[in-house]
Each structure stands twice: as structure tokens, then as C-alpha cells.
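As provided, upload.csv (CSV, C-alpha atoms) reads as follows.
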chain,number,residue,atom,x,y,z
A,1,MET,CA,-23.7,15.6,104.2
A,2,LYS,CA,-25.5,13.5,106.8
A,3,LEU,CA,-23.5,13.3,110.0
A,4,ALA,CA,-23.6,10.5,112.5
A,5,ALA,CA,-26.4,10.8,115.1
A,6,ARG,CA,-23.9,10.9,117.9
A,7,VAL,CA,-22.6,14.3,116.8
A,8,GLY,CA,-26.0,15.8,117.7
A,9,ARG,CA,-25.8,14.6,121.2
A,10,ILE,CA,-22.9,16.8,122.3
A,11,THR,CA,-21.7,20.4,122.2
A,12,PRO,CA,-18.2,21.8,121.9
A,13,SER,CA,-16.3,22.1,125.3
A,14,PRO,CA,-17.7,25.4,126.8
A,15,THR,CA,-14.5,26.0,128.8
A,16,LEU,CA,-12.3,25.7,125.8
A,17,ALA,CA,-14.7,27.9,123.8
A,18,MET,CA,-14.8,30.6,126.4
A,19,THR,CA,-11.0,30.6,126.7
A,20,ALA,CA,-10.7,30.8,122.9
A,21,THR,CA,-13.1,33.8,122.8
A,22,ALA,CA,-11.1,35.6,125.5
A,23,LYS,CA,-7.9,35.0,123.7
A,24,ALA,CA,-9.4,36.2,120.4
A,25,MET,CA,-10.6,39.4,122.1
A,26,ALA,CA,-7.1,40.0,123.6
A,27,ALA,CA,-5.6,39.5,120.1
A,28,GLN,CA,-7.8,42.3,118.9
A,29,GLY,CA,-6.2,44.6,121.5
A,30,LEU,CA,-8.9,44.4,124.1
A,31,ASP,CA,-7.9,44.2,127.8
A,32,VAL,CA,-9.6,41.0,128.8
A,33,VAL,CA,-9.2,39.4,132.3
A,34,ASP,CA,-9.5,35.7,131.7
A,35,PHE,CA,-10.9,33.6,134.5
A,36,SER,CA,-12.1,30.8,132.2
A,37,SER,CA,-8.9,28.9,131.6
A,38,GLY,CA,-8.5,25.5,133.2
A,39,GLU,CA,-4.7,25.5,133.3
A,40,PRO,CA,-1.9,26.8,135.5
A,41,ASP,CA,-0.4,30.1,134.5
A,42,PHE,CA,3.1,28.9,135.6
A,43,ASP,CA,5.7,27.8,133.1
A,44,THR,CA,6.7,24.1,132.9
A,45,PRO,CA,9.5,23.5,135.3
A,46,ASP,CA,13.1,23.5,134.0
A,47,PRO,CA,14.0,19.9,134.7
A,48,VAL,CA,11.0,18.9,132.6
A,49,LYS,CA,12.1,21.1,129.7
A,50,ALA,CA,15.7,19.8,130.0
A,51,ALA,CA,14.4,16.2,129.7
A,52,ALA,CA,12.5,17.2,126.6
A,53,GLU,CA,15.5,18.9,125.1
A,54,ALA,CA,17.7,15.9,125.8
A,55,ALA,CA,15.1,13.6,124.1
A,56,ILE,CA,15.2,15.8,121.0
A,57,ARG,CA,19.0,15.9,120.8
A,58,ALA,CA,19.1,12.2,121.3
A,59,GLY,CA,16.8,11.7,118.4
A,60,PHE,CA,14.0,10.2,120.5
A,61,THR,CA,11.5,11.4,117.9
A,62,LYS,CA,10.1,8.1,116.5
A,63,TYR,CA,7.0,6.0,117.3
A,64,THR,CA,6.9,4.4,120.8
A,65,PRO,CA,4.8,1.5,122.1
A,66,SER,CA,1.2,2.7,121.9
A,67,SER,CA,0.7,2.1,125.6
A,68,GLY,CA,3.7,4.4,126.5
A,69,ILE,CA,7.4,3.9,127.0
A,70,ASP,CA,8.5,1.5,129.7
A,71,GLU,CA,10.4,4.2,131.5
A,72,LEU,CA,7.2,6.4,131.9
A,73,ARG,CA,5.0,3.5,132.9
A,74,GLN,CA,7.5,2.5,135.5
A,75,ALA,CA,7.6,6.1,136.8
A,76,ILE,CA,3.8,5.9,137.1
A,77,ILE,CA,4.0,2.6,138.9
A,78,ASP,CA,6.5,4.0,141.3
A,79,LYS,CA,4.4,7.1,142.0
A,80,LEU,CA,1.3,5.0,142.7
A,81,GLN,CA,3.1,2.7,145.0
A,82,GLY,CA,5.2,5.4,146.8
A,83,GLU,CA,2.3,7.8,147.3
A,84,LEU,CA,-0.7,5.6,147.6
A,85,GLY,CA,0.6,2.2,148.4
A,86,LEU,CA,-1.0,0.7,145.3
A,87,ARG,CA,0.8,-2.0,143.3
A,88,TYR,CA,0.3,-2.2,139.5
A,89,GLU,CA,2.1,-4.1,136.7
A,90,LYS,CA,3.0,-2.3,133.4
A,91,SER,CA,0.1,-4.1,131.7
A,92,GLN,CA,-2.2,-2.2,134.0
A,93,ILE,CA,-0.9,1.2,133.0
A,94,LEU,CA,-1.9,3.1,129.8
A,95,VAL,CA,-0.3,6.4,128.8
A,96,SER,CA,-2.5,8.6,126.6
A,97,CYS,CA,-2.6,12.0,125.1
A,98,GLY,CA,-3.9,13.7,128.2
A,99,ALA,CA,-6.3,12.6,131.0
A,100,LYS,CA,-9.3,13.5,128.8
A,101,HIS,CA,-8.0,11.0,126.2
A,102,SER,CA,-7.6,8.4,129.0
A,103,LEU,CA,-11.2,9.0,130.0
A,104,TYR,CA,-12.4,8.7,126.4
A,105,ASN,CA,-10.5,5.4,125.8
A,106,LEU,CA,-12.2,4.1,128.9
A,107,ALA,CA,-15.6,5.2,127.7
A,108,GLU,CA,-15.0,3.4,124.4
A,109,ALA,CA,-13.8,0.2,126.0
A,110,LEU,CA,-16.6,0.1,128.7
A,111,LEU,CA,-19.8,1.6,127.4
A,112,GLU,CA,-22.4,0.7,124.9
A,113,ALA,CA,-26.1,1.4,124.2
A,114,GLY,CA,-28.3,0.7,127.2
A,115,ASP,CA,-25.6,1.4,129.8
A,116,GLU,CA,-25.9,4.0,132.4
A,117,VAL,CA,-23.1,6.0,134.1
A,118,ILE,CA,-23.7,7.9,137.4
A,119,ILE,CA,-22.1,11.3,137.5
A,120,PRO,CA,-22.3,13.5,140.6
A,121,THR,CA,-23.2,17.1,139.8
A,122,PRO,CA,-21.7,19.7,139.5
A,123,TYR,CA,-19.4,17.8,137.1
A,124,TRP,CA,-16.6,18.4,134.7
A,125,VAL,CA,-18.1,19.2,131.3
A,126,SER,CA,-16.8,16.2,129.3
A,127,TYR,CA,-18.0,13.3,131.5
A,128,ALA,CA,-21.6,13.3,130.2
A,129,ASP,CA,-20.6,14.0,126.6
A,130,GLN,CA,-18.1,11.2,126.5
A,131,ALA,CA,-20.8,8.8,127.8
A,132,MET,CA,-23.3,9.9,125.2
A,133,LEU,CA,-20.7,9.7,122.4
A,134,ASN,CA,-20.4,6.0,123.3
A,135,ASP,CA,-24.2,5.5,123.3
A,136,ALA,CA,-24.6,5.3,127.1
A,137,THR,CA,-26.8,7.4,129.3
A,138,PRO,CA,-25.4,9.8,131.9
A,139,VAL,CA,-27.4,9.7,135.1
A,140,LEU,CA,-26.9,12.8,137.2
A,141,LEU,CA,-26.6,12.6,141.0
A,142,PRO,CA,-27.2,16.0,142.5
A,143,THR,CA,-24.9,17.1,145.4
A,144,HIS,CA,-25.3,20.2,147.4
A,145,GLU,CA,-23.2,23.2,148.3
A,146,SER,CA,-24.6,23.2,151.8
A,147,ASN,CA,-22.7,20.0,152.8
A,148,GLY,CA,-19.6,20.6,150.7
A,149,TYR,CA,-20.9,18.7,147.6
A,150,ALA,CA,-20.5,15.4,149.4
A,151,ILE,CA,-22.3,12.4,147.8
A,152,ASN,CA,-25.2,11.1,149.8
A,153,ALA,CA,-25.1,7.4,149.9
A,154,ASP,CA,-28.9,7.0,149.9
A,155,ASP,CA,-29.2,9.3,146.9
A,156,LEU,CA,-26.6,7.2,145.1
A,157,ARG,CA,-28.2,3.9,146.0
A,158,ARG,CA,-31.5,5.0,144.5
A,159,LEU,CA,-30.0,5.7,141.1
A,160,VAL,CA,-28.4,2.3,140.7
A,161,THR,CA,-30.3,0.1,138.3
A,162,PRO,CA,-29.4,-3.2,136.4
A,163,ARG,CA,-28.2,-0.9,133.6
A,164,THR,CA,-25.7,1.0,135.8
A,165,LYS,CA,-22.1,0.3,134.6
A,166,ALA,CA,-20.0,2.8,136.4
A,167,ILE,CA,-19.8,5.8,138.6
A,168,ILE,CA,-17.4,8.7,138.0
A,169,ILE,CA,-15.9,10.6,140.9
A,170,ASN,CA,-13.6,13.6,140.8
A,171,SER,CA,-11.7,14.7,143.9
A,172,PRO,CA,-10.6,17.4,144.0
A,173,CYS,CA,-13.4,18.5,141.8
A,174,ASN,CA,-13.6,20.7,138.8
A,175,PRO,CA,-15.6,23.0,139.0
A,176,THR,CA,-16.5,23.1,142.7
A,177,GLY,CA,-13.0,22.7,144.3
A,178,ALA,CA,-14.6,20.2,146.7
A,179,THR,CA,-12.7,17.1,148.0
A,180,TYR,CA,-14.2,13.8,149.3
A,181,ASN,CA,-13.2,12.6,152.7
A,182,ARG,CA,-12.6,9.0,153.6
A,183,ASN,CA,-16.2,8.5,154.9
A,184,THR,CA,-17.7,9.6,151.7
A,185,LEU,CA,-15.4,7.5,149.6
A,186,GLU,CA,-16.1,4.4,151.8
A,187,ALA,CA,-19.9,4.9,151.3
A,188,ILE,CA,-19.4,5.1,147.5
A,189,ALA,CA,-17.1,2.1,147.5
A,190,ASN,CA,-19.6,0.0,149.5
A,191,ILE,CA,-22.3,0.6,147.0
A,192,ALA,CA,-20.0,0.1,144.0
A,193,VAL,CA,-18.8,-3.3,145.3
A,194,ARG,CA,-22.2,-4.5,146.2
A,195,HIS,CA,-23.6,-3.7,142.7
A,196,LYS,CA,-20.3,-4.5,140.9
A,197,LEU,CA,-20.0,-1.0,139.4
A,198,LEU,CA,-16.7,0.2,138.0
A,199,ILE,CA,-15.4,3.3,139.9
A,200,ILE,CA,-13.8,5.8,137.6
A,201,SER,CA,-11.7,8.0,139.8
A,202,ASP,CA,-10.4,11.2,138.2
A,203,GLU,CA,-7.5,12.4,140.3
A,204,ILE,CA,-6.0,15.0,138.0
A,205,TYR,CA,-6.0,17.7,140.7
A,206,GLU,CA,-4.7,15.4,143.5
A,207,LYS,CA,-1.7,17.6,144.3
A,208,VAL,CA,-3.6,20.9,144.3
A,209,LEU,CA,-4.9,20.9,147.9
A,210,TYR,CA,-5.3,23.5,150.7
A,211,ASP,CA,-6.0,23.9,154.4
A,212,GLY,CA,-4.2,20.7,155.4
A,213,VAL,CA,-6.5,18.4,153.3
A,214,THR,CA,-4.8,15.3,152.1
A,215,HIS,CA,-5.6,13.3,149.0
A,216,VAL,CA,-7.3,9.9,149.5
A,217,SER,CA,-7.7,7.7,146.5
A,218,ILE,CA,-10.7,5.5,146.6
A,219,ALA,CA,-8.6,2.6,145.3
A,220,THR,CA,-6.6,2.6,148.5
A,221,LEU,CA,-9.6,1.5,150.6
A,222,SER,CA,-9.2,-2.2,149.9
A,223,ALA,CA,-8.0,-4.7,147.4
A,224,GLU,CA,-11.6,-5.4,146.4
A,225,VAL,CA,-12.2,-1.7,145.7
A,226,ALA,CA,-9.0,-1.3,143.8
A,227,ALA,CA,-10.0,-4.2,141.5
A,228,GLN,CA,-13.1,-2.2,140.6
A,229,THR,CA,-11.4,1.1,140.1
A,230,VAL,CA,-9.7,2.9,137.3
A,231,ILE,CA,-7.5,5.8,138.3
A,232,ILE,CA,-7.2,8.6,135.8
A,233,ASN,CA,-4.4,11.1,136.2
A,234,GLY,CA,-1.8,13.0,134.3
A,235,VAL,CA,0.9,15.7,134.4
A,236,SER,CA,-1.1,18.7,133.1
A,237,LYS,CA,-2.3,20.3,136.3
A,238,ALA,CA,0.4,19.4,138.9
A,239,TYR,CA,3.4,20.3,136.7
A,240,ALA,CA,1.9,23.0,134.4
A,241,MET,CA,2.1,20.8,131.4
A,242,THR,CA,-1.3,21.1,129.8
A,243,GLY,CA,0.1,21.4,126.3
A,244,TRP,CA,2.4,18.4,126.5
A,245,ARG,CA,-0.7,16.1,126.5
A,246,ILE,CA,0.2,13.3,128.8
A,247,GLY,CA,-2.3,11.5,130.9
A,248,TYR,CA,-2.6,8.0,132.2
A,249,ALA,CA,-4.9,5.3,133.5
A,250,ALA,CA,-4.3,2.5,136.0
A,251,GLY,CA,-6.7,-0.3,136.7
A,252,PRO,CA,-7.8,-3.9,135.9
A,253,LYS,CA,-5.6,-5.6,133.3
A,254,ASP,CA,-8.4,-6.7,131.0
A,255,LEU,CA,-9.9,-3.3,130.8
A,256,LEU,CA,-6.6,-1.5,130.4
A,257,THR,CA,-5.7,-3.9,127.6
A,258,ALA,CA,-8.9,-3.1,125.8
A,259,MET,CA,-8.2,0.6,126.2
A,260,ALA,CA,-4.7,0.1,124.8
A,261,ASN,CA,-6.0,-1.7,121.8
A,262,ILE,CA,-8.4,1.1,121.1
A,263,GLN,CA,-5.7,3.7,121.4
A,264,SER,CA,-3.5,1.7,119.0
A,265,GLN,CA,-6.1,2.2,116.4
A,266,SER,CA,-6.7,5.9,117.1
A,267,THR,CA,-3.7,8.0,118.1
A,268,SER,CA,-1.1,5.3,118.3
A,269,ASN,CA,1.4,6.5,120.9
A,270,PRO,CA,1.5,9.7,122.9
A,271,CYS,CA,4.2,12.2,121.8
A,272,SER,CA,7.6,10.6,122.4
A,273,ILE,CA,9.2,13.8,123.6
A,274,SER,CA,6.4,14.6,126.0
A,275,GLN,CA,6.7,11.1,127.5
A,276,LYS,CA,10.4,11.7,128.4
A,277,ALA,CA,9.3,15.1,129.9
A,278,ALA,CA,6.6,13.4,131.9
A,279,VAL,CA,9.2,11.0,133.4
A,280,ALA,CA,11.1,14.0,134.7
A,281,ALA,CA,7.9,15.6,136.0
A,282,LEU,CA,7.0,12.5,138.1
A,283,ARG,CA,10.5,12.0,139.3
A,284,LEU,CA,11.6,15.6,140.0
A,285,GLY,CA,8.6,17.9,139.9
A,286,GLN,CA,7.4,17.9,143.6
A,287,PRO,CA,9.2,21.0,144.7
A,288,PHE,CA,7.8,23.0,141.8
A,289,THR,CA,4.3,21.7,142.6
A,290,GLU,CA,4.5,22.8,146.2
A,291,LYS,CA,5.6,26.3,145.3
A,292,MET,CA,2.8,26.6,142.7
A,293,VAL,CA,0.1,25.4,145.1
A,294,ALA,CA,1.3,27.8,147.8
A,295,GLU,CA,0.7,30.7,145.3
A,296,PHE,CA,-2.7,29.3,144.3
A,297,ASP,CA,-3.6,29.2,148.0
A,298,ARG,CA,-2.8,32.9,148.3
A,299,ARG,CA,-4.8,33.8,145.2
A,300,ARG,CA,-7.7,31.5,146.3
A,301,LYS,CA,-8.2,33.5,149.5
A,302,VAL,CA,-8.2,36.8,147.7
A,303,MET,CA,-10.6,35.8,145.0
A,304,VAL,CA,-13.1,34.0,147.3
A,305,GLY,CA,-12.8,36.8,149.8
A,306,ARG,CA,-13.6,39.4,147.2
A,307,LEU,CA,-16.6,37.4,145.8
A,308,ASN,CA,-18.1,37.0,149.2
A,309,THR,CA,-18.2,40.8,149.7
A,310,MET,CA,-20.4,41.2,146.6
A,311,PRO,CA,-24.2,41.5,147.4
A,312,GLY,CA,-26.2,38.6,146.1
A,313,VAL,CA,-23.1,36.4,145.8
A,314,THR,CA,-21.9,33.6,148.1
A,315,CYS,CA,-18.8,31.5,147.5
A,316,ARG,CA,-17.7,28.4,149.3
A,317,MET,CA,-13.9,28.2,150.0
A,318,PRO,CA,-12.6,25.4,147.8
A,319,THR,CA,-10.2,22.9,149.4
A,320,GLY,CA,-8.7,21.7,146.1
A,321,ALA,CA,-8.1,22.5,142.4
A,322,PHE,CA,-7.9,26.1,141.3
A,323,TYR,CA,-11.5,27.3,140.8
A,324,ALA,CA,-13.9,29.4,142.6
A,325,PHE,CA,-17.6,28.4,142.1
A,326,PRO,CA,-19.7,31.3,143.4
A,327,ASN,CA,-23.4,30.9,143.8
A,328,ILE,CA,-24.9,33.9,141.9
A,329,SER,CA,-28.6,33.0,142.3
A,330,GLY,CA,-29.0,36.1,144.4
A,331,ILE,CA,-28.4,38.4,141.4
A,332,LEU,CA,-30.2,36.4,138.7
A,333,GLY,CA,-33.4,38.1,137.6
A,334,ARG,CA,-31.8,41.5,137.9
A,335,SER,CA,-31.6,43.9,135.0
A,336,ALA,CA,-28.6,45.0,133.0
A,337,PRO,CA,-28.7,47.8,130.4
A,338,THR,CA,-29.1,45.1,127.8
A,339,GLY,CA,-31.9,43.3,129.5
A,340,ILE,CA,-32.7,40.9,132.4
A,341,ILE,CA,-30.0,38.5,133.5
A,342,ARG,CA,-31.9,35.2,134.0
A,343,THR,CA,-29.2,32.5,133.7
A,344,PRO,CA,-25.5,32.0,134.4
A,345,HIS,CA,-24.9,31.9,130.7
A,346,GLU,CA,-26.4,35.4,130.3
A,347,LEU,CA,-24.4,36.6,133.2
A,348,ALA,CA,-21.2,35.3,131.7
A,349,GLN,CA,-22.0,37.0,128.4
A,350,TYR,CA,-22.7,40.3,130.2
A,351,LEU,CA,-19.3,40.1,132.0
A,352,LEU,CA,-17.4,39.3,128.8
A,353,LYS,CA,-19.1,41.8,126.5
A,354,ASP,CA,-19.5,44.7,128.8
A,355,PHE,CA,-16.6,44.4,131.2
A,356,HIS,CA,-14.1,42.1,129.4
A,357,VAL,CA,-14.0,39.5,132.1
A,358,ALA,CA,-14.2,35.8,131.0
A,359,VAL,CA,-15.9,33.3,133.3
A,360,VAL,CA,-17.5,30.0,132.5
A,361,PRO,CA,-21.3,29.7,133.1
A,362,GLY,CA,-22.5,26.9,135.4
A,363,GLU,CA,-25.0,25.2,133.0
A,364,PRO,CA,-22.4,22.9,131.3
A,365,PHE,CA,-21.3,21.8,134.8
A,366,GLY,CA,-24.8,20.9,135.7
A,367,SER,CA,-25.7,24.1,137.7
A,368,HIS,CA,-28.1,26.9,137.0
A,369,GLN,CA,-27.0,28.9,140.0
A,370,HIS,CA,-23.2,29.2,139.6
A,371,ILE,CA,-20.4,30.5,137.5
A,372,ARG,CA,-16.8,29.2,137.5
A,373,LEU,CA,-13.7,31.4,137.8
A,374,SER,CA,-10.1,30.1,137.7
A,375,TYR,CA,-7.6,31.7,140.0
A,376,ALA,CA,-4.7,30.1,138.0
A,377,THR,CA,-3.8,33.6,136.9
A,378,SER,CA,-1.8,36.5,138.3
A,379,MET,CA,-2.7,38.3,141.5
A,380,GLU,CA,-2.8,41.5,139.5
A,381,SER,CA,-5.3,40.0,137.1
A,382,ILE,CA,-7.4,38.7,140.0
A,383,GLU,CA,-7.6,42.1,141.7
A,384,ARG,CA,-8.3,43.9,138.4
A,385,GLY,CA,-10.9,41.3,137.4
A,386,MET,CA,-12.6,41.4,140.8
A,387,ASP,CA,-12.8,45.1,140.6
A,388,ARG,CA,-14.6,44.8,137.2
A,389,VAL,CA,-17.0,42.0,138.5
A,390,ALA,CA,-17.9,44.1,141.5
A,391,VAL,CA,-18.8,47.1,139.2
A,392,ALA,CA,-20.7,44.8,136.8
A,393,PHE,CA,-22.8,43.3,139.6
A,394,GLY,CA,-23.3,46.7,141.1
A,395,LYS,CA,-24.9,48.0,137.9
A,396,LEU,CA,-27.6,45.3,138.0
A,397,THR,CA,-30.9,46.6,139.3
A,398,ALA,CA,-33.8,44.7,140.8
Whole structure given in C-alpha cells:
Amino acid sequence: MKLAARVGRITPSPTLAMTATAKAMAAQGLDVVDFSSGEPDFDTPDPVKAAAEAAIRAGFTKYTPSSGIDELRQAIIDKLQGELGLRYEKSQILVSCGAKHSLYNLAEALLEAGDEVIIPTPYWVSYADQAMLNDATPVLLPTHESNGYAINADDLRRLVTPRTKAIIINSPCNPTGATYNRNTLEAIANIAVRHKLLIISDEIYEKVLYDGVTHVSIATLSAEVAAQTVIINGVSKAYAMTGWRIGYAAGPKDLLTAMANIQSQSTSNPCSISQKAAVAALRLGQPFTEKMVAEFDRRRKVMVGRLNTMPGVTCRMPTGAFYAFPNISGILGRSAPTGIIRTPHELAQYLLKDFHVAVVPGEPFGSHQHIRLSYATSMESIERGMDRVAVAFGKLTA
């Protein structure tokens, strides 16, 4: 069977693939420490479960409006106004089956052949593939570990062409854990406004912050910037609800209407029960999130501290999300019993096969010098996994 050409432009999600491999090995009885998963290890909070149970008992199990129930869209509006001071109407809010689905609806509504999308690197693995699936060209904007992965305005300006349609920003960032300060966001916004670029602001990790860092949404800089920004968010990370599949977008009415029309012809509505659960999360979930982030903070310091004791490895302390992104360029080129480790991918395979530690290589994130480890797992697993990684790196010879 001849498949569509677009299928050949993309690869399966490497993070999901690595997590699936780790789980399959564990199912075979192997003791695998999984640092690949991009989801909190905490259980969904009880008020959220109770709301879902109540929805089931009340028979709230039918189709809903494809854009989401009014109650949830109002909860999102209230959140955006209460936390960010941004005002939206319900016609500017779309609830989808996860933030990834929100991003895909946006790509379908916005992009076509000849368009370019600027993506700062390192980047979340799906940004570039979603652009390519919709016939657009991802244009990669390198950022650097040495300055906290901040976007350089001159570098961004040089990449803008008449074909540039949008720029994607992600703060806090997966995989680096970096956050953008107001000065960086203002520089991005000035260029976007000048060139009439859409700003796609992925804020899914907005509540997972450390060291006194506060979240700044680029849409809050001015009314003009807000009019050119789509905020992408959801309940997966902040409320340990990855499997419930609820994300949302907020932005210009015409664009959000187009996204809603596309969704009506693909998934119809998000799960009715999950929508009721998401209302409870947005209304009642903050105490849970604060406790979870405090525990992530404790784990962050242990994991990053251990990584920085390993010869040939340096790891920047992340200020957001729940990932360590160590630079392992100092050990690439060394030899393992099975051969020379030349790439992050080969290092990840070595760790998984020989030491039963699952990490994600840096290549799918746009880096050939890093691997990504999630500390959204127990402290016991972090200590045990770091012990194994230290032994694994120690066995590599120059």
C-alpha cells in the first residue's frame, strides 16, 4: 500500500517509545529504573477523582459540545483572568484531548505548504513533526546552555523571512527545564509584532517552578501581543492527569473557531468525564500542585547534584518542569565493552541494555550533546538509578 508522503517526514515519539520499552522490560521481570517518562508519578488528586465519579453516577457520559463544556471553558477563563489578568470569551477557548492535540489543531488551522515556523532548540519533540505533517518547514533557532537557553533577539530576527508564520515558545521548557524572563519575552514579542508572527506559547509546565521563579506569559505583555498569541495549556502536568487527556487553547477568535471546526471533524469532543474532572482540578487543585512541586524540587537537587559529580558530565540546574538535561559531550567518544559511544542515542541504548536505566537521547530534542532524565519518579529510584549511571559512565574508557 502506498502511504501518504507526509508519513515519511516524521518518526514515532521517542519519549513515548523509550517509556514503552522500559515498561515492556519491567513486565518481563527486569528491574528497570525509568527516567524517560514525561509524567508526574503522583496520583490524581482526590477532589478530581470525586468529580469524575460524580459525573459517571449522574450519567454525564454522552457527547458534549466539540469545543468543550461551558463549565470547563468558564473555569479556564477564570483561571486565565485570575492568574494572568487576561480576558477571554468562551469563543476564544477550545478544550481538546490534551495539550498535544491543541497544538495539532493549531498546526492544521494555521500552516500550509511554504510556511515556516521558528522553533528554539532544544525543543519538545512534537513541535517540528507537527509542522511537517501540515506541510510547513520548521526553522530551528539554536539557544545555548551557557546563557540558560535564552533566545537571542538578533539570532531570531535573522531567521524571519516573508514565509515565517509563527514562533513557538515553551517556558518552562521540555527538555531543558529553562524558563524565559520578562526581558527575553519582550524581545521575542517585539519581533513578532513587527513581523506579524503568531506566537504559540506552550505553558503546560507553568506551575512547576523552583528557586522563586514566577511564570510570565508572553500574552500579558500588552493587548497587541495577546492578540497575536495562542496560549496552550492543560491539566496533565500540574495535576497529575496525563491519562485524562484534557488540554486547551486560548487565543484570537477566528483562529480558535477554525481549530474548533477541525476538531469537530476529528475527535468531536474531549471525554465528558475528563472535562468534569478538569473543572475540579482548575478550581481545587492548587494545594496538591504545591505539594507535588515541593517534592520535585527535592528530587531535582539530588539528581542534578549526583550528575554533576560524574566525570565528563555537566548539568545545569533547571528552574522549571521536571527534567534534568545533562551535557554528556565529555564522555562521548569513549569506549564501552560493546563499542565506542559516539552519540546520545548510543549512550541511551548502553544505559538501557547494560544497566537497565531508561533515559531519552538528546537528538530528537535537537541536541547532540545531551540526554534527558525525568525526576518525576521516587527518590529511591533516583538514588538507585544514579548509582547505576555512575557505574555505567565509570566503565567507559578513553
For CA of Pro287 in chain A and CA of Gly85 in chain A, the interatomic separation in Å (one decimal): 21.0 Å
Name the residues within 7 Å of (-6.7, 8.0, 133.7), counting all atoms listed in the file in the file's coordinates, and put them as a VMD selection string. chain A and resid 99 102 to 103 202 230 to 233 247 to 250
When you count all atoms listed in the file, which of these residues is closest to Ala258 in chain A: A:Leu140, A:Val357, A:Leu198, A:Leu110?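 Once distances to Ala258 in chain A are computed over all atoms listed in the file, the minimum belongs to A:Leu110.
For range 363-374 of chain A, the residues within 8 Å (counting all atoms listed in the file, excluding itself and residues fewer than 5 positions away along the chain) are Pro14, Phe35, Ser36, Ser37, Gly38, Thr121, Pro122, Tyr123, Trp124, Val125, Pro175, Phe322, Tyr323, Ala324, Phe325, Pro326, Asn327, Ile328, Ser329, Thr343, Pro344, His345 and Ala348 of chain A.
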Would you mind listing what lies within 9 Å of Met292 in chain A as an MDAnalysis selection string, with only C-alpha atoms counted and same-chain residues fewer than 2 positions away left out? chainID A and resid 40 42 208 238:239 287:290 294:297
Grab the CA of Leu197 in chain A to CA of Thr229 in chain A distance for me, in Å with one decimal place.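 Atom-to-atom, CA of Leu197 in chain A to CA of Thr229 in chain A, that is 8.9 Å.
Every protein or nucleic acid residue with an atom no more than 9 Å from Ala219 in chain A, counting all atoms listed in the file and leaving out same-chain residues fewer than 5 positions away, appears here: Leu84, Leu86, Ala189, Ile199, Ser201, Glu224, Val225, Ala226, Ala227, Gln228, Thr229, Val230 and Ile231 of chain A.
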With C-alpha atoms retained, export the selected residues as a compact mmCIF listing (two decimals), keeping the file's coordinate frame.
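Everything below was put into part-v4.txt:
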# COMPACT_ATOMS: atom_id res chain seq x y z
CA LEU A 84 -0.70 5.60 147.60
CA LEU A 86 -1.00 0.70 145.30
CA ALA A 189 -17.10 2.10 147.50
CA ILE A 199 -15.40 3.30 139.90
CA SER A 201 -11.70 8.00 139.80
CA GLU A 224 -11.60 -5.40 146.40
CA VAL A 225 -12.20 -1.70 145.70
CA ALA A 226 -9.00 -1.30 143.80
CA ALA A 227 -10.00 -4.20 141.50
CA GLN A 228 -13.10 -2.20 140.60
CA THR A 229 -11.40 1.10 140.10
CA VAL A 230 -9.70 2.90 137.30
CA ILE A 231 -7.50 5.80 138.30
